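**Student:** Pasting query26.pdb below, which is PDB, C-alpha atoms.
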```
ATOM      1  CA  MET A   1      52.852-175.074  99.688  1.00  0.00           C
ATOM      2  CA  VAL A   2      52.742-172.586 102.568  1.00  0.00           C
ATOM      3  CA  TRP A   3      56.196-171.267 101.746  1.00  0.00           C
ATOM      4  CA  SER A   4      55.592-170.920  97.999  1.00  0.00           C
ATOM      5  CA  ALA A   5      52.378-168.955  98.657  1.00  0.00           C
ATOM      6  CA  THR A   6      54.216-166.793 101.194  1.00  0.00           C
ATOM      7  CA  LEU A   7      57.031-166.191  98.702  1.00  0.00           C
ATOM      8  CA  ALA A   8      54.526-165.212  95.995  1.00  0.00           C
ATOM      9  CA  VAL A   9      52.879-162.721  98.350  1.00  0.00           C
ATOM     10  CA  ALA A  10      56.301-161.374  99.391  1.00  0.00           C
ATOM     11  CA  LEU A  11      57.310-160.796  95.780  1.00  0.00           C
ATOM     12  CA  ALA A  12      54.005-159.117  94.942  1.00  0.00           C
ATOM     13  CA  ALA A  13      54.248-156.894  98.025  1.00  0.00           C
ATOM     14  CA  ALA A  14      57.880-155.981  97.264  1.00  0.00           C
ATOM     15  CA  LEU A  15      57.035-155.109  93.654  1.00  0.00           C
ATOM     16  CA  THR A  16      54.085-153.009  94.818  1.00  0.00           C
ATOM     17  CA  ALA A  17      56.315-151.215  97.335  1.00  0.00           C
ATOM     18  CA  VAL A  18      58.896-150.413  94.648  1.00  0.00           C
ATOM     19  CA  LEU A  19      56.199-149.079  92.306  1.00  0.00           C
ATOM     20  CA  ILE A  20      54.708-146.956  95.097  1.00  0.00           C
ATOM     21  CA  GLY A  21      58.179-145.607  95.923  1.00  0.00           C
ATOM     22  CA  LEU A  22      58.786-144.674  92.284  1.00  0.00           C
ATOM     23  CA  ALA A  23      55.387-142.974  92.069  1.00  0.00           C
ATOM     24  CA  ILE A  24      56.043-140.997  95.258  1.00  0.00           C
ATOM     25  CA  ARG A  25      59.478-139.942  93.992  1.00  0.00           C
ATOM     26  CA  ALA A  26      58.026-138.791  90.671  1.00  0.00           C
ATOM     27  CA  GLU A  27      55.306-136.810  92.475  1.00  0.00           C
ATOM     28  CA  LEU A  28      57.772-135.120  94.846  1.00  0.00           C
ATOM     29  CA  VAL A  29      60.117-134.168  91.997  1.00  0.00           C
ATOM     30  CA  SER A  30      57.144-132.894  89.974  1.00  0.00           C
ATOM     31  CA  ASN A  31      56.070-130.753  92.946  1.00  0.00           C
ATOM     32  CA  ALA A  32      59.606-129.345  93.225  1.00  0.00           C
ATOM     33  CA  ASP A  33      59.567-128.521  89.501  1.00  0.00           C
ATOM     34  CA  GLU A  34      56.247-126.738  89.974  1.00  0.00           C
ATOM     35  CA  VAL A  35      57.667-124.685  92.863  1.00  0.00           C
ATOM     36  CA  GLY A  36      60.596-123.667  90.645  1.00  0.00           C
ATOM     37  CA  GLU A  37      58.341-122.802  87.719  1.00  0.00           C
ATOM     38  CA  VAL A  38      55.966-120.681  89.811  1.00  0.00           C
ATOM     39  CA  ARG A  39      58.866-118.782  91.409  1.00  0.00           C
ATOM     40  CA  ALA A  40      60.548-118.272  88.027  1.00  0.00           C
ATOM     41  CA  GLU A  41      57.283-116.846  86.653  1.00  0.00           C
ATOM     42  CA  GLN A  42      57.015-114.463  89.638  1.00  0.00           C
ATOM     43  CA  VAL A  43      60.573-113.199  89.140  1.00  0.00           C
ATOM     44  CA  ALA A  44      60.103-112.996  85.353  1.00  0.00           C
ATOM     45  CA  ASP A  45      57.007-110.855  85.937  1.00  0.00           C
ATOM     46  CA  LEU A  46      59.068-108.445  88.063  1.00  0.00           C
ATOM     47  CA  ALA A  47      61.734-108.349  85.337  1.00  0.00           C
ATOM     48  CA  SER A  48      59.189-107.702  82.568  1.00  0.00           C
ATOM     49  CA  ARG A  49      57.691-104.795  84.533  1.00  0.00           C
ATOM     50  CA  GLY A  50      61.139-103.329  85.169  1.00  0.00           C
ATOM     51  CA  ILE A  51      60.843-103.544  88.960  1.00  0.00           C
ATOM     52  CA  LEU A  52      63.365-106.307  89.559  1.00  0.00           C
ATOM     53  CA  PRO A  53      65.263-105.710  92.815  1.00  0.00           C
ATOM     54  CA  LYS A  54      69.046-106.137  92.786  1.00  0.00           C
ATOM     55  CA  GLN A  55      68.772-108.738  95.548  1.00  0.00           C
ATOM     56  CA  ILE A  56      65.968-111.288  95.609  1.00  0.00           C
ATOM     57  CA  ASP A  57      64.798-112.799  98.882  1.00  0.00           C
ATOM     58  CA  ARG A  58      64.308-116.551  99.009  1.00  0.00           C
ATOM     59  CA  ALA A  59      60.593-117.341  98.948  1.00  0.00           C
ATOM     60  CA  ASP A  60      60.763-120.501 101.095  1.00  0.00           C
ATOM     61  CA  ASP A  61      63.040-123.272 102.317  1.00  0.00           C
ATOM     62  CA  LEU A  62      62.661-125.305  99.123  1.00  0.00           C
ATOM     63  CA  GLU A  63      64.070-122.521  96.995  1.00  0.00           C
ATOM     64  CA  ALA A  64      67.855-122.760  97.096  1.00  0.00           C
ATOM     65  CA  ALA A  65      68.890-119.939  94.743  1.00  0.00           C
ATOM     66  CA  VAL A  66      67.551-117.490  92.146  1.00  0.00           C
ATOM     67  CA  GLN A  67      69.430-115.599  89.461  1.00  0.00           C
ATOM     68  CA  VAL A  68      68.343-113.331  86.583  1.00  0.00           C
ATOM     69  CA  VAL A  69      70.865-113.127  83.742  1.00  0.00           C
ATOM     70  CA  HIS A  70      71.093-110.919  80.638  1.00  0.00           C
ATOM     71  CA  ASP A  71      73.914-111.719  78.175  1.00  0.00           C
ATOM     72  CA  GLY A  72      75.993-113.333  80.931  1.00  0.00           C
ATOM     73  CA  GLU A  73      75.517-110.386  83.323  1.00  0.00           C
ATOM     74  CA  VAL A  74      73.731-111.020  86.611  1.00  0.00           C
ATOM     75  CA  LEU A  75      70.944-108.442  86.949  1.00  0.00           C
ATOM     76  CA  SER A  76      69.431-109.819  90.133  1.00  0.00           C
ATOM     77  CA  SER A  77      69.918-112.796  92.439  1.00  0.00           C
ATOM     78  CA  THR A  78      69.572-114.246  95.876  1.00  0.00           C
ATOM     79  CA  SER A  79      72.611-113.470  98.017  1.00  0.00           C
ATOM     80  CA  ASN A  80      74.019-116.976  97.553  1.00  0.00           C
ATOM     81  CA  ALA A  81      73.917-116.922  93.721  1.00  0.00           C
ATOM     82  CA  SER A  82      75.393-113.553  92.733  1.00  0.00           C
ATOM     83  CA  ALA A  83      78.417-114.879  90.835  1.00  0.00           C
ATOM     84  CA  PRO A  84      78.224-114.811  87.021  1.00  0.00           C
ATOM     85  CA  GLY A  85      77.971-118.308  85.575  1.00  0.00           C
ATOM     86  CA  PHE A  86      76.652-119.687  88.853  1.00  0.00           C
ATOM     87  CA  PHE A  87      74.266-122.117  87.150  1.00  0.00           C
ATOM     88  CA  ARG A  88      76.347-122.779  84.011  1.00  0.00           C
ATOM     89  CA  LEU A  89      73.195-123.409  82.009  1.00  0.00           C
ATOM     90  CA  PRO A  90      72.113-122.039  78.628  1.00  0.00           C
ATOM     91  CA  SER A  91      69.867-118.985  78.377  1.00  0.00           C
ATOM     92  CA  GLN A  92      66.289-119.506  77.271  1.00  0.00           C
ATOM     93  CA  PRO A  93      64.405-117.422  74.702  1.00  0.00           C
ATOM     94  CA  PRO A  94      61.434-115.435  76.052  1.00  0.00           C
ATOM     95  CA  GLY A  95      58.512-117.680  76.900  1.00  0.00           C
ATOM     96  CA  ALA A  96      60.574-120.870  76.866  1.00  0.00           C
ATOM     97  CA  ASP A  97      61.298-122.838  79.988  1.00  0.00           C
ATOM     98  CA  ARG A  98      63.319-125.921  80.749  1.00  0.00           C
ATOM     99  CA  VAL A  99      64.060-127.892  83.901  1.00  0.00           C
ATOM    100  CA  TYR A 100      67.521-129.316  84.534  1.00  0.00           C
ATOM    101  CA  GLY A 101      68.654-131.815  87.136  1.00  0.00           C
ATOM    102  CA  ARG A 102      71.905-130.938  88.918  1.00  0.00           C
ATOM    103  CA  ALA A 103      73.698-133.179  91.409  1.00  0.00           C
ATOM    104  CA  SER A 104      75.217-130.142  93.113  1.00  0.00           C
ATOM    105  CA  LEU A 105      75.535-126.371  93.005  1.00  0.00           C
ATOM    106  CA  PRO A 106      78.146-124.169  94.713  1.00  0.00           C
ATOM    107  CA  LEU A 107      75.808-123.496  97.640  1.00  0.00           C
ATOM    108  CA  GLY A 108      77.078-125.644 100.463  1.00  0.00           C
ATOM    109  CA  ASP A 109      73.854-127.666 100.376  1.00  0.00           C
ATOM    110  CA  GLU A 110      74.175-131.327  99.455  1.00  0.00           C
ATOM    111  CA  GLY A 111      71.552-131.323  96.723  1.00  0.00           C
ATOM    112  CA  PRO A 112      70.534-132.687  94.303  1.00  0.00           C
ATOM    113  CA  PHE A 113      68.729-129.756  92.729  1.00  0.00           C
ATOM    114  CA  ARG A 114      66.130-129.121  90.063  1.00  0.00           C
ATOM    115  CA  VAL A 115      66.833-125.877  88.186  1.00  0.00           C
ATOM    116  CA  THR A 116      64.099-124.130  86.218  1.00  0.00           C
ATOM    117  CA  ALA A 117      65.335-121.815  83.461  1.00  0.00           C
ATOM    118  CA  LEU A 118      62.678-119.413  82.115  1.00  0.00           C
ATOM    119  CA  GLY A 119      63.219-116.867  79.353  1.00  0.00           C
ATOM    120  CA  ALA A 120      61.502-113.481  79.613  1.00  0.00           C
ATOM    121  CA  HIS A 121      61.458-109.952  78.163  1.00  0.00           C
ATOM    122  CA  SER A 122      62.619-107.045  80.295  1.00  0.00           C
ATOM    123  CA  PRO A 123      63.394-103.357  79.716  1.00  0.00           C
ATOM    124  CA  ASP A 124      67.086-104.403  79.729  1.00  0.00           C
ATOM    125  CA  GLY A 125      66.474-106.953  76.974  1.00  0.00           C
ATOM    126  CA  ASP A 126      65.821-110.668  77.040  1.00  0.00           C
ATOM    127  CA  VAL A 127      66.681-112.326  80.348  1.00  0.00           C
ATOM    128  CA  THR A 128      66.749-115.832  81.740  1.00  0.00           C
ATOM    129  CA  VAL A 129      65.470-116.514  85.237  1.00  0.00           C
ATOM    130  CA  PHE A 130      67.114-119.476  86.972  1.00  0.00           C
ATOM    131  CA  VAL A 131      65.500-120.948  90.076  1.00  0.00           C
ATOM    132  CA  ALA A 132      67.103-123.859  91.937  1.00  0.00           C
ATOM    133  CA  VAL A 133      64.994-126.068  94.182  1.00  0.00           C
ATOM    134  CA  ASP A 134      66.662-128.529  96.572  1.00  0.00           C
ATOM    135  CA  VAL A 135      65.256-132.041  96.146  1.00  0.00           C
ATOM    136  CA  GLY A 136      67.631-133.723  98.598  1.00  0.00           C
ATOM    137  CA  ASP A 137      64.721-134.312 100.956  1.00  0.00           C
ATOM    138  CA  VAL A 138      63.165-136.627  98.369  1.00  0.00           C
ATOM    139  CA  ARG A 139      65.973-139.106  98.984  1.00  0.00           C
ATOM    140  CA  ASP A 140      65.430-138.825 102.761  1.00  0.00           C
ATOM    141  CA  VAL A 141      61.675-139.385 102.429  1.00  0.00           C
ATOM    142  CA  LEU A 142      62.190-142.437 100.236  1.00  0.00           C
ATOM    143  CA  GLY A 143      64.791-143.823 102.662  1.00  0.00           C
ATOM    144  CA  ALA A 144      62.379-143.447 105.572  1.00  0.00           C
ATOM    145  CA  LEU A 145      59.599-145.003 103.510  1.00  0.00           C
ATOM    146  CA  ALA A 146      61.824-147.957 102.590  1.00  0.00           C
ATOM    147  CA  SER A 147      62.880-148.632 106.177  1.00  0.00           C
ATOM    148  CA  LYS A 148      59.297-148.484 107.437  1.00  0.00           C
ATOM    149  CA  GLY A 149      58.141-150.547 104.473  1.00  0.00           C
ATOM    150  CA  ILE A 150      60.606-153.339 105.225  1.00  0.00           C
ATOM    151  CA  ILE A 151      59.328-153.558 108.803  1.00  0.00           C
ATOM    152  CA  GLY A 152      55.708-153.498 107.640  1.00  0.00           C
ATOM    153  CA  LEU A 153      56.342-156.077 104.933  1.00  0.00           C
ATOM    154  CA  SER A 154      58.061-158.403 107.426  1.00  0.00           C
ATOM    155  CA  VAL A 155      55.122-158.212 109.834  1.00  0.00           C
ATOM    156  CA  LEU A 156      52.647-158.709 106.980  1.00  0.00           C
ATOM    157  CA  LEU A 157      54.477-161.794 105.736  1.00  0.00           C
ATOM    158  CA  ALA A 158      54.715-163.301 109.227  1.00  0.00           C
ATOM    159  CA  VAL A 159      50.973-162.840 109.756  1.00  0.00           C
ATOM    160  CA  PHE A 160      50.212-164.186 106.281  1.00  0.00           C
ATOM    161  CA  ALA A 161      52.407-167.272 106.780  1.00  0.00           C
ATOM    162  CA  PHE A 162      50.793-167.976 110.177  1.00  0.00           C
ATOM    163  CA  VAL A 163      47.236-167.626 108.829  1.00  0.00           C
ATOM    164  CA  LEU A 164      48.091-169.761 105.812  1.00  0.00           C
ATOM    165  CA  TRP A 165      49.618-172.416 108.105  1.00  0.00           C
ATOM    166  CA  LEU A 166      46.411-172.453 110.192  1.00  0.00           C
ATOM    167  CA  VAL A 167      44.147-172.699 107.136  1.00  0.00           C
ATOM    168  CA  VAL A 168      46.207-175.420 105.462  1.00  0.00           C
ATOM    169  CA  GLY A 169      46.497-177.309 108.760  1.00  0.00           C
ATOM    170  CA  ARG A 170      42.731-177.205 109.302  1.00  0.00           C
ATOM    171  CA  THR A 171      42.104-178.321 105.723  1.00  0.00           C
ATOM    172  CA  MET A 172      44.585-181.178 106.022  1.00  0.00           C
ATOM    173  CA  ARG A 173      42.938-182.370 109.270  1.00  0.00           C
ATOM    174  CA  SER A 174      39.609-182.643 107.433  1.00  0.00           C
ATOM    175  CA  VAL A 175      41.248-184.573 104.606  1.00  0.00           C
ATOM    176  CA  GLU A 176      42.949-186.887 107.116  1.00  0.00           C
ATOM    177  CA  ALA A 177      39.618-187.541 108.875  1.00  0.00           C
ATOM    178  CA  ILE A 178      37.984-188.461 105.553  1.00  0.00           C
ATOM    179  CA  ARG A 179      40.922-190.744 104.696  1.00  0.00           C
ATOM    180  CA  ARG A 180      40.585-192.556 108.043  1.00  0.00           C
ATOM    181  CA  ARG A 181      36.822-193.093 107.543  1.00  0.00           C
ATOM    182  CA  ALA A 182      37.421-194.416 104.044  1.00  0.00           C
ATOM    183  CA  GLU A 183      40.061-196.797 105.402  1.00  0.00           C
ATOM    184  CA  LEU A 184      37.651-198.068 108.081  1.00  0.00           C
ATOM    185  CA  ILE A 185      34.944-198.695 105.466  1.00  0.00           C
ATOM    186  CA  THR A 186      37.209-200.473 102.998  1.00  0.00           C
ATOM    187  CA  GLY A 187      38.900-202.333 105.772  1.00  0.00           C
TER     188      GLY A 187
END
```
In structure tokens, what does this structure look like?
**Tutor:**
Amino acid sequence: MVWSATLAVALAAALTAVLIGLAIRAELVSNADEVGEVRAEQVADLASRGILPKQIDRADDLEAAVQVVHDGEVLSSTSNASAPGFFRLPSQPPGADRVYGRASLPLGDEGPFRVTALGAHSPDGDVTVFVAVDVGDVRDVLGALASKGIIGLSVLLAVFAFVLWLVVGRTMRSVEAIRRRAELITG
């Protein structure tokens, strides 16, 4: 009885841990997509006003690469994404955006990456802004969470099994005492 209850708790805790891990992963990827979208909108605004610099500085460590393309020609980019066809993704019409998952990009970073493609108007014509965000840290965070979760789950199960053993033992002692009294009475 103690072991079946412990197993049930272990399964429930493991399922909960997996669901929490999936929710955290989804939230981290969603945050990365938001970073890419915001940066793409900033660069698209510069393009629409005609003040797009030839070289774009990376905004933060999450942003891996940025490129602005018009009919296959690179109008502006970060220094690591200046080659035409760097992203190998379709152009987007003005106002449309789409997020792509990429296992790798020719950056030297491991990846994976989330790439936001945003279409915009510019004085040069319609352009597509590509912004790559490195989501490789998501895997690292989930790995750390899993390793800590296994330790925590093991400790939780040990404590639960011990407490359950004490409770069942105490209950069984009471039952045994009642059985002995009944035996004395009935002879």
**Student:** Report the distance between CA of Asp109 in chain A and CA of Ala96 in chain A in Å, rounded to one decimal place.
**Tutor:**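 Taking CA of Asp109 in chain A as the start and CA of Ala96 in chain A as the end point, the length is 27.8 Å.
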**Student:** Have a look at CA of Asp71 in chain A and CA of Pro123 in chain A and let me know their distance in Å, one decimal.
**Tutor:**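 Separation between CA of Asp71 in chain A and CA of Pro123 in chain A: 13.5 Å.
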**Student:** With a distance cut-off of 7 Å and all atoms listed in the file, select the neighbouring residues of Val127 in chain A, excluding the residue or stretch itself and same-chain residues fewer than 3 positions from it, and output the selection as JSON, numbers by chain.
**Tutor:** {"A": [68, 69, 70, 119, 120, 121, 122]}
**Student:** Using all atoms listed in the file, which of the listed residues (A:Val175, A:Leu75, A:Val138, A:Ile185) sits closest to Ala32 in chain A?
**Tutor:**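 So, comparing all the options, the nearest one is A:Val138.
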**Student:** For range 79-93 of chain A, work out the shell of residues within 9 Å, counting only C-alpha atoms and skipping chain neighbours fewer than 2 positions away, then give it as a VMD selection string.
**Tutor:** chain A and resid 55 to 58 64 to 67 69 to 77 95 to 98 100 105 to 107 115 117 to 121 126 to 130 132
**Student:** Create the file for the chosen residues now, containing C-alpha atoms and written as a PDB file, in the coordinates of the input.
**Tutor:**
```pdb
ATOM      1  CA  GLN A  55      68.772-108.738  95.548  1.00  0.00           C
ATOM      2  CA  ILE A  56      65.968-111.288  95.609  1.00  0.00           C
ATOM      3  CA  ASP A  57      64.798-112.799  98.882  1.00  0.00           C
ATOM      4  CA  ARG A  58      64.308-116.551  99.009  1.00  0.00           C
ATOM      5  CA  ALA A  64      67.855-122.760  97.096  1.00  0.00           C
ATOM      6  CA  ALA A  65      68.890-119.939  94.743  1.00  0.00           C
ATOM      7  CA  VAL A  66      67.551-117.490  92.146  1.00  0.00           C
ATOM      8  CA  GLN A  67      69.430-115.599  89.461  1.00  0.00           C
ATOM      9  CA  VAL A  69      70.865-113.127  83.742  1.00  0.00           C
ATOM     10  CA  HIS A  70      71.093-110.919  80.638  1.00  0.00           C
ATOM     11  CA  ASP A  71      73.914-111.719  78.175  1.00  0.00           C
ATOM     12  CA  GLY A  72      75.993-113.333  80.931  1.00  0.00           C
ATOM     13  CA  GLU A  73      75.517-110.386  83.323  1.00  0.00           C
ATOM     14  CA  VAL A  74      73.731-111.020  86.611  1.00  0.00           C
ATOM     15  CA  LEU A  75      70.944-108.442  86.949  1.00  0.00           C
ATOM     16  CA  SER A  76      69.431-109.819  90.133  1.00  0.00           C
ATOM     17  CA  SER A  77      69.918-112.796  92.439  1.00  0.00           C
ATOM     18  CA  GLY A  95      58.512-117.680  76.900  1.00  0.00           C
ATOM     19  CA  ALA A  96      60.574-120.870  76.866  1.00  0.00           C
ATOM     20  CA  ASP A  97      61.298-122.838  79.988  1.00  0.00           C
ATOM     21  CA  ARG A  98      63.319-125.921  80.749  1.00  0.00           C
ATOM     22  CA  TYR A 100      67.521-129.316  84.534  1.00  0.00           C
ATOM     23  CA  LEU A 105      75.535-126.371  93.005  1.00  0.00           C
ATOM     24  CA  PRO A 106      78.146-124.169  94.713  1.00  0.00           C
ATOM     25  CA  LEU A 107      75.808-123.496  97.640  1.00  0.00           C
ATOM     26  CA  VAL A 115      66.833-125.877  88.186  1.00  0.00           C
ATOM     27  CA  ALA A 117      65.335-121.815  83.461  1.00  0.00           C
ATOM     28  CA  LEU A 118      62.678-119.413  82.115  1.00  0.00           C
ATOM     29  CA  GLY A 119      63.219-116.867  79.353  1.00  0.00           C
ATOM     30  CA  ALA A 120      61.502-113.481  79.613  1.00  0.00           C
ATOM     31  CA  HIS A 121      61.458-109.952  78.163  1.00  0.00           C
ATOM     32  CA  ASP A 126      65.821-110.668  77.040  1.00  0.00           C
ATOM     33  CA  VAL A 127      66.681-112.326  80.348  1.00  0.00           C
ATOM     34  CA  THR A 128      66.749-115.832  81.740  1.00  0.00           C
ATOM     35  CA  VAL A 129      65.470-116.514  85.237  1.00  0.00           C
ATOM     36  CA  PHE A 130      67.114-119.476  86.972  1.00  0.00           C
ATOM     37  CA  ALA A 132      67.103-123.859  91.937  1.00  0.00           C
TER      38      ALA A 132
END
```
**Student:** Convert the output of the PyMOL selection byres ((chain A and resi 9-17) around 12) on the shown file into explicit residues, formatted as a ChimeraX atom specification.
**Tutor:** /A:2-8,18-24,142,145-161,164
**Student:** For the structure just given, write the atoms of range 142-158 of chain A, namely N, CA, C and O atoms, as a CSV table (one decimal), in the first residue's frame.
**Tutor:**
```
chain,number,residue,atom,x,y,z
A,142,LEU,N,16.0,24.5,-19.7
A,142,LEU,CA,15.2,23.3,-19.5
A,142,LEU,C,16.0,22.1,-19.0
A,142,LEU,O,15.6,21.3,-18.1
A,143,GLY,N,17.3,22.0,-19.4
A,143,GLY,CA,18.2,21.0,-18.9
A,143,GLY,C,18.5,21.2,-17.5
A,143,GLY,O,18.5,20.2,-16.7
A,144,ALA,N,18.8,22.4,-17.1
A,144,ALA,CA,19.0,22.7,-15.7
A,144,ALA,C,17.8,22.5,-14.8
A,144,ALA,O,17.9,21.9,-13.7
A,145,LEU,N,16.7,22.9,-15.3
A,145,LEU,CA,15.4,22.7,-14.6
A,145,LEU,C,15.2,21.2,-14.4
A,145,LEU,O,14.8,20.7,-13.3
A,146,ALA,N,15.4,20.4,-15.4
A,146,ALA,CA,15.2,18.9,-15.3
A,146,ALA,C,16.1,18.3,-14.3
A,146,ALA,O,15.7,17.5,-13.5
A,147,SER,N,17.4,18.7,-14.3
A,147,SER,CA,18.3,18.1,-13.4
A,147,SER,C,18.0,18.5,-11.9
A,147,SER,O,18.0,17.6,-11.0
A,148,LYS,N,17.6,19.7,-11.7
A,148,LYS,CA,17.2,20.1,-10.4
A,148,LYS,C,15.9,19.5,-10.0
A,148,LYS,O,15.6,19.1,-8.9
A,149,GLY,N,15.0,19.3,-11.0
A,149,GLY,CA,13.7,18.7,-10.7
A,149,GLY,C,13.8,17.3,-10.3
A,149,GLY,O,13.1,16.8,-9.4
A,150,ILE,N,14.7,16.5,-10.9
A,150,ILE,CA,14.9,15.1,-10.6
A,150,ILE,C,15.4,15.0,-9.1
A,150,ILE,O,14.9,14.2,-8.3
A,151,ILE,N,16.3,15.9,-8.7
A,151,ILE,CA,16.8,15.9,-7.3
A,151,ILE,C,15.7,16.2,-6.4
A,151,ILE,O,15.4,15.5,-5.4
A,152,GLY,N,14.9,17.3,-6.7
A,152,GLY,CA,13.8,17.7,-5.9
A,152,GLY,C,12.7,16.6,-5.8
A,152,GLY,O,12.2,16.3,-4.7
A,153,LEU,N,12.4,16.0,-6.9
A,153,LEU,CA,11.4,14.9,-6.9
A,153,LEU,C,11.9,13.7,-6.1
A,153,LEU,O,11.1,13.1,-5.3
A,154,SER,N,13.1,13.4,-6.2
A,154,SER,CA,13.6,12.2,-5.4
A,154,SER,C,13.5,12.5,-3.9
A,154,SER,O,13.1,11.7,-3.1
A,155,VAL,N,13.9,13.7,-3.4
A,155,VAL,CA,13.8,14.1,-2.0
A,155,VAL,C,12.3,14.1,-1.6
A,155,VAL,O,12.0,13.6,-0.6
A,156,LEU,N,11.4,14.7,-2.4
A,156,LEU,CA,10.0,14.7,-2.1
A,156,LEU,C,9.5,13.3,-2.0
A,156,LEU,O,8.7,13.0,-1.0
A,157,LEU,N,9.8,12.4,-2.8
A,157,LEU,CA,9.3,11.0,-2.8
A,157,LEU,C,9.8,10.3,-1.5
A,157,LEU,O,9.1,9.5,-0.9
A,158,ALA,N,11.1,10.5,-1.2
A,158,ALA,CA,11.6,9.9,0.0
A,158,ALA,C,10.9,10.4,1.3
A,158,ALA,O,10.5,9.6,2.1
```
